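One file, entry-v4.cif, is given below (mmCIF, C-alpha atoms).
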data_run
loop_
_atom_site.label_atom_id
_atom_site.label_comp_id
_atom_site.auth_asym_id
_atom_site.auth_seq_id
_atom_site.Cartn_x
_atom_site.Cartn_y
_atom_site.Cartn_z
CA MET A 1 9.85 14.91 -1.74
CA SER A 2 9.61 16.96 -4.89
CA ILE A 3 7.56 20.15 -5.12
CA LYS A 4 5.54 18.52 -7.90
CA LEU A 5 4.54 15.61 -5.65
CA LYS A 6 3.89 17.90 -2.70
CA ASN A 7 1.46 19.94 -4.83
CA LYS A 8 -0.29 16.76 -5.99
CA ILE A 9 -0.74 15.72 -2.36
CA ILE A 10 -2.08 19.13 -1.33
CA LYS A 11 -4.60 19.05 -4.21
CA LYS A 12 -5.45 15.40 -3.46
CA GLN A 13 -4.37 14.47 -6.97
CA ALA A 14 -1.63 12.07 -5.85
CA ARG A 15 -2.38 8.47 -6.69
CA ILE A 16 -1.62 6.26 -3.66
CA ALA A 17 -0.84 2.55 -3.84
CA VAL A 18 -0.99 0.48 -0.67
CA ILE A 19 0.82 -2.84 -0.96
CA GLY A 20 -0.59 -5.40 1.45
CA LEU A 21 -4.24 -5.19 2.45
CA GLY A 22 -4.08 -6.82 5.86
CA TYR A 23 -4.96 -5.38 9.25
CA VAL A 24 -2.77 -2.30 8.63
CA GLY A 25 -2.99 -1.82 4.87
CA LEU A 26 -6.74 -2.04 4.32
CA PRO A 27 -7.71 0.55 6.96
CA LEU A 28 -4.90 2.83 5.76
CA ALA A 29 -6.02 2.58 2.13
CA VAL A 30 -9.63 3.22 3.14
CA ALA A 31 -8.65 6.26 5.25
CA PHE A 32 -6.87 7.86 2.27
CA ALA A 33 -9.82 7.12 -0.02
CA GLN A 34 -12.25 8.63 2.49
CA LYS A 35 -10.16 11.81 2.40
CA GLY A 36 -10.61 12.00 -1.37
CA PHE A 37 -7.43 10.39 -2.68
CA ARG A 38 -7.58 7.77 -5.43
CA VAL A 39 -6.13 4.63 -3.89
CA LEU A 40 -4.97 1.38 -5.43
CA GLY A 41 -4.74 -1.58 -3.07
CA ILE A 42 -2.41 -4.36 -4.16
CA ASP A 43 -2.30 -7.78 -2.54
CA THR A 44 -1.13 -11.23 -3.61
CA ASP A 45 -4.09 -12.91 -1.88
CA ALA A 46 -6.82 -13.49 -4.48
CA ASN A 47 -9.35 -14.18 -1.73
CA ARG A 48 -8.78 -10.73 -0.19
CA ILE A 49 -9.07 -9.04 -3.57
CA GLY A 50 -12.28 -10.95 -4.34
CA ARG A 51 -13.85 -10.07 -1.00
CA ILE A 52 -13.11 -6.38 -1.42
CA GLN A 53 -14.47 -6.42 -4.98
CA SER A 54 -17.61 -8.09 -3.59
CA LEU A 55 -17.84 -5.25 -1.02
CA LYS A 56 -17.32 -7.68 1.86
CA SER A 57 -14.85 -6.47 4.45
CA TYR A 58 -12.73 -8.92 6.42
CA ASN A 59 -11.48 -6.24 8.78
CA ALA A 60 -13.44 -5.02 11.83
CA ASP A 61 -12.17 -1.46 11.27
CA VAL A 62 -13.67 -1.27 7.77
CA THR A 63 -17.41 -1.75 7.30
CA ASN A 64 -19.02 -3.10 4.15
CA ALA A 65 -20.85 0.23 3.77
CA ILE A 66 -17.63 2.25 3.84
CA LEU A 67 -15.97 -0.15 1.41
CA GLY A 68 -18.95 0.09 -0.94
CA SER A 69 -19.02 3.87 -0.76
CA ILE A 70 -15.39 4.44 -1.72
CA ILE A 71 -15.46 1.78 -4.44
CA ARG A 72 -18.65 3.19 -6.01
CA ARG A 73 -17.09 6.68 -5.98
CA LYS A 74 -14.05 5.16 -7.77
CA LEU A 75 -11.70 6.23 -4.99
CA PHE A 76 -10.57 2.69 -4.17
CA ASN A 77 -9.62 -0.09 -6.54
CA VAL A 78 -7.85 -3.36 -5.78
CA SER A 79 -5.69 -5.65 -7.84
CA MET A 80 -3.01 -8.32 -7.81
CA ASP A 81 -1.29 -6.57 -10.74
CA PHE A 82 1.89 -4.87 -9.57
CA SER A 83 2.39 -3.20 -12.97
CA LEU A 84 -0.30 -0.71 -11.90
CA LEU A 85 2.36 0.78 -9.61
CA ALA A 86 3.63 2.61 -12.70
CA GLN A 87 0.60 4.93 -12.27
CA ALA A 88 1.21 5.56 -8.55
CA ASP A 89 2.77 8.68 -7.09
CA ILE A 90 3.12 7.13 -3.63
CA ALA A 91 3.66 3.47 -2.72
CA ILE A 92 3.10 2.45 0.90
CA ILE A 93 4.39 -0.96 1.95
CA CYS A 94 2.13 -2.64 4.54
CA VAL A 95 3.16 -6.27 4.25
CA PRO A 96 3.46 -8.74 7.14
CA THR A 97 6.70 -9.20 9.04
CA PRO A 98 6.19 -12.37 11.06
CA LEU A 99 8.78 -13.21 13.68
CA LYS A 100 11.34 -15.88 13.01
CA ARG A 101 13.30 -17.52 15.79
CA LYS A 102 14.99 -15.29 18.36
CA TYR A 103 12.38 -12.55 17.73
CA THR A 104 13.88 -11.52 14.42
CA PRO A 105 11.37 -10.19 11.86
CA ASP A 106 11.08 -12.07 8.58
CA ILE A 107 11.58 -9.28 6.07
CA SER A 108 11.13 -11.45 2.98
CA PHE A 109 7.69 -9.92 2.31
CA ILE A 110 9.19 -6.41 2.50
CA LEU A 111 11.99 -7.37 0.11
CA SER A 112 9.48 -8.91 -2.30
CA ALA A 113 7.37 -5.73 -2.25
CA VAL A 114 10.47 -3.60 -2.83
CA ARG A 115 11.49 -5.74 -5.82
CA SER A 116 8.02 -5.25 -7.29
CA ILE A 117 8.08 -1.49 -6.70
CA THR A 118 11.58 -1.17 -8.17
CA ARG A 119 10.36 -2.44 -11.54
CA TYR A 120 7.87 0.45 -11.73
CA LEU A 121 9.73 3.12 -9.77
CA HIS A 122 9.73 6.50 -11.49
CA LYS A 123 10.80 10.09 -10.95
CA ASP A 124 8.97 11.87 -8.12
CA MET A 125 7.59 8.62 -6.67
CA LEU A 126 7.55 8.41 -2.88
CA VAL A 127 7.99 4.99 -1.24
CA ILE A 128 7.00 4.58 2.42
CA LEU A 129 7.72 1.54 4.57
CA GLU A 130 4.86 1.10 7.04
CA SER A 131 5.51 -2.55 7.91
CA THR A 132 6.80 -3.31 11.39
CA THR A 133 10.52 -3.98 11.24
CA TYR A 134 13.78 -3.16 12.94
CA PRO A 135 15.41 0.31 12.87
CA GLY A 136 17.59 0.82 9.83
CA THR A 137 15.59 -1.36 7.42
CA THR A 138 14.86 1.54 5.09
CA GLU A 139 18.44 2.83 5.01
CA GLU A 140 20.14 -0.57 4.90
CA LEU A 141 17.86 -2.60 2.65
CA LEU A 142 15.37 -0.43 0.79
CA LYS A 143 17.42 2.58 -0.17
CA PRO A 144 20.21 0.66 -1.95
#
Before we go any further, please render this structure as structure tokens.
Amino acid sequence: MSIKLKNKIIKKQARIAVIGLGYVGLPLAVAFAQKGFRVLGIDTDANRIGRIQSLKSYNADVTNAILGSIIRRKLFNVSMDFSLLAQADIAIICVPTPLKRKYTPDISFILSAVRSITRYLHKDMLVILESTTYPGTTEELLKP
């Protein structure tokens, strides 16, 4: 991590993008926003985006009141537009990894997220893989 990004994080000036607003991504995005970071949530599910914009949580860990509070304070915004990643300092991948046969994770959602991030990747951007997957995924598939 660069010193520039580290300083942005310390000052809570880093812009965080959470890709995938499911049972892991939404609470994670909300937690960062509650700490004062500006967070962009990106999801391909229009229904999820619409519910969040209507201040209606679909996750038991995130109340409507909390959602409303961080959105009104402009700390949390949601979109289906991956081009907004160009403004992010940190991208956190929280997409599903359902099991295929023989208990092998389906990493197609991870690979899709990585392809989207790659188009907007820039100097000093930190990419974190939070999705459940097998050891070595970051080194073997994401890093190249």
On this file, the PyMOL selection byres ((chain A and resi 112-114) around 12) gives some set of residues; write that set as a PDB file with C-alpha atoms, keeping the file's coordinate frame.
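Output below, filename out28.pdb:
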ATOM      1  CA  ALA A  17      -0.840   2.550  -3.840  1.00  0.00           C
ATOM      2  CA  VAL A  18      -0.990   0.480  -0.670  1.00  0.00           C
ATOM      3  CA  ILE A  19       0.820  -2.840  -0.960  1.00  0.00           C
ATOM      4  CA  GLY A  20      -0.590  -5.400   1.450  1.00  0.00           C
ATOM      5  CA  ILE A  42      -2.410  -4.360  -4.160  1.00  0.00           C
ATOM      6  CA  ASP A  43      -2.300  -7.780  -2.540  1.00  0.00           C
ATOM      7  CA  THR A  44      -1.130 -11.230  -3.610  1.00  0.00           C
ATOM      8  CA  PHE A  82       1.890  -4.870  -9.570  1.00  0.00           C
ATOM      9  CA  LEU A  85       2.360   0.780  -9.610  1.00  0.00           C
ATOM     10  CA  ALA A  91       3.660   3.470  -2.720  1.00  0.00           C
ATOM     11  CA  ILE A  92       3.100   2.450   0.900  1.00  0.00           C
ATOM     12  CA  ILE A  93       4.390  -0.960   1.950  1.00  0.00           C
ATOM     13  CA  CYS A  94       2.130  -2.640   4.540  1.00  0.00           C
ATOM     14  CA  VAL A  95       3.160  -6.270   4.250  1.00  0.00           C
ATOM     15  CA  PRO A  96       3.460  -8.740   7.140  1.00  0.00           C
ATOM     16  CA  THR A  97       6.700  -9.200   9.040  1.00  0.00           C
ATOM     17  CA  ASP A 106      11.080 -12.070   8.580  1.00  0.00           C
ATOM     18  CA  ILE A 107      11.580  -9.280   6.070  1.00  0.00           C
ATOM     19  CA  SER A 108      11.130 -11.450   2.980  1.00  0.00           C
ATOM     20  CA  PHE A 109       7.690  -9.920   2.310  1.00  0.00           C
ATOM     21  CA  ILE A 110       9.190  -6.410   2.500  1.00  0.00           C
ATOM     22  CA  LEU A 111      11.990  -7.370   0.110  1.00  0.00           C
ATOM     23  CA  ARG A 115      11.490  -5.740  -5.820  1.00  0.00           C
ATOM     24  CA  SER A 116       8.020  -5.250  -7.290  1.00  0.00           C
ATOM     25  CA  ILE A 117       8.080  -1.490  -6.700  1.00  0.00           C
ATOM     26  CA  THR A 118      11.580  -1.170  -8.170  1.00  0.00           C
ATOM     27  CA  ARG A 119      10.360  -2.440 -11.540  1.00  0.00           C
ATOM     28  CA  TYR A 120       7.870   0.450 -11.730  1.00  0.00           C
ATOM     29  CA  LEU A 121       9.730   3.120  -9.770  1.00  0.00           C
ATOM     30  CA  VAL A 127       7.990   4.990  -1.240  1.00  0.00           C
ATOM     31  CA  ILE A 128       7.000   4.580   2.420  1.00  0.00           C
ATOM     32  CA  LEU A 129       7.720   1.540   4.570  1.00  0.00           C
ATOM     33  CA  GLU A 130       4.860   1.100   7.040  1.00  0.00           C
ATOM     34  CA  SER A 131       5.510  -2.550   7.910  1.00  0.00           C
ATOM     35  CA  THR A 137      15.590  -1.360   7.420  1.00  0.00           C
ATOM     36  CA  THR A 138      14.860   1.540   5.090  1.00  0.00           C
ATOM     37  CA  LEU A 141      17.860  -2.600   2.650  1.00  0.00           C
ATOM     38  CA  LEU A 142      15.370  -0.430   0.790  1.00  0.00           C
ATOM     39  CA  LYS A 143      17.420   2.580  -0.170  1.00  0.00           C
ATOM     40  CA  PRO A 144      20.210   0.660  -1.950  1.00  0.00           C
TER      41      PRO A 144
END
Would you write out, as a PyMOL selection string, every residue that the PyMOL selection byres ((chain A and resi 78) around 8) captures in this file? chain A and resi 40-43+49+52-53+76-77+79-80
Best match for closeness to Arg73 (chain A) among A:Pro105, A:Pro98, A:Gly36, A:Gly50, counting only C-alpha atoms: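 Of A:Pro105, A:Pro98, A:Gly36, A:Gly50, the one nearest Arg73 (chain A), counting only C-alpha atoms, is A:Gly36.
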Rank A:Leu99, A:Val24, A:Ile10, A:Val39 by their smallest atom-to-atom distance to Gln87 (chain A), using all atoms listed in the file, and report the top residue only.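 The shortest atom-to-atom distance to Gln87 (chain A) comes from A:Val39.
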Rounded to one decimal, what separation in Å do you get between CA of Lys11 (chain A) and CA of Ile71 (chain A)?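 CA of Ile71 (chain A) lies at a distance of 20.4 Å from CA of Lys11 (chain A).
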Please evaluate the PyMOL selection byres ((chain A and resi 59) around 9) against the displayed coordinates and give the resulting residues as a ChimeraX atom specification. /A:22-23,26-27,57-58,60-63
Next, the residues of the selection above should be written as a PDB file, in the frame of the given file with C-alpha atoms.
ATOM      1  CA  GLY A  22      -4.080  -6.820   5.860  1.00  0.00           C
ATOM      2  CA  TYR A  23      -4.960  -5.380   9.250  1.00  0.00           C
ATOM      3  CA  LEU A  26      -6.740  -2.040   4.320  1.00  0.00           C
ATOM      4  CA  PRO A  27      -7.710   0.550   6.960  1.00  0.00           C
ATOM      5  CA  SER A  57     -14.850  -6.470   4.450  1.00  0.00           C
ATOM      6  CA  TYR A  58     -12.730  -8.920   6.420  1.00  0.00           C
ATOM      7  CA  ALA A  60     -13.440  -5.020  11.830  1.00  0.00           C
ATOM      8  CA  ASP A  61     -12.170  -1.460  11.270  1.00  0.00           C
ATOM      9  CA  VAL A  62     -13.670  -1.270   7.770  1.00  0.00           C
ATOM     10  CA  THR A  63     -17.410  -1.750   7.300  1.00  0.00           C
TER      11      THR A  63
END
Å distance separating CA of Ser69 (chain A) from CA of Ala14 (chain A), one decimal place: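 A separation of 19.9 Å between them.
Each of A:Ala46, A:Leu67, A:Leu84, A:Met1 was compared to Ala33 (chain A) using only C-alpha atoms, and A:Leu67 turns out to be the nearest.
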Quick one: distance from CA of Thr133 (chain A) to CA of Tyr103 (chain A) in Å, one decimal?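 CA of Tyr103 (chain A) lies at a distance of 10.9 Å from CA of Thr133 (chain A).
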Proximity to Arg38 (chain A) - best of A:Leu5, A:Arg72, A:Glu139, A:Ile16, only C-alpha atoms: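 For Arg38 (chain A), the nearest of the candidates is A:Ile16.
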Which residue out of A:Ile9, A:Ala29, A:Ile70, A:Ala88 has the minimum interatomic distance to Leu55 (chain A) when all atoms listed in the file are used? A:Ile70
Using only C-alpha atoms, which of A:Leu75, A:Lys4, A:Ala65, A:Arg48 sits nearest Phe32 (chain A)? A:Leu75
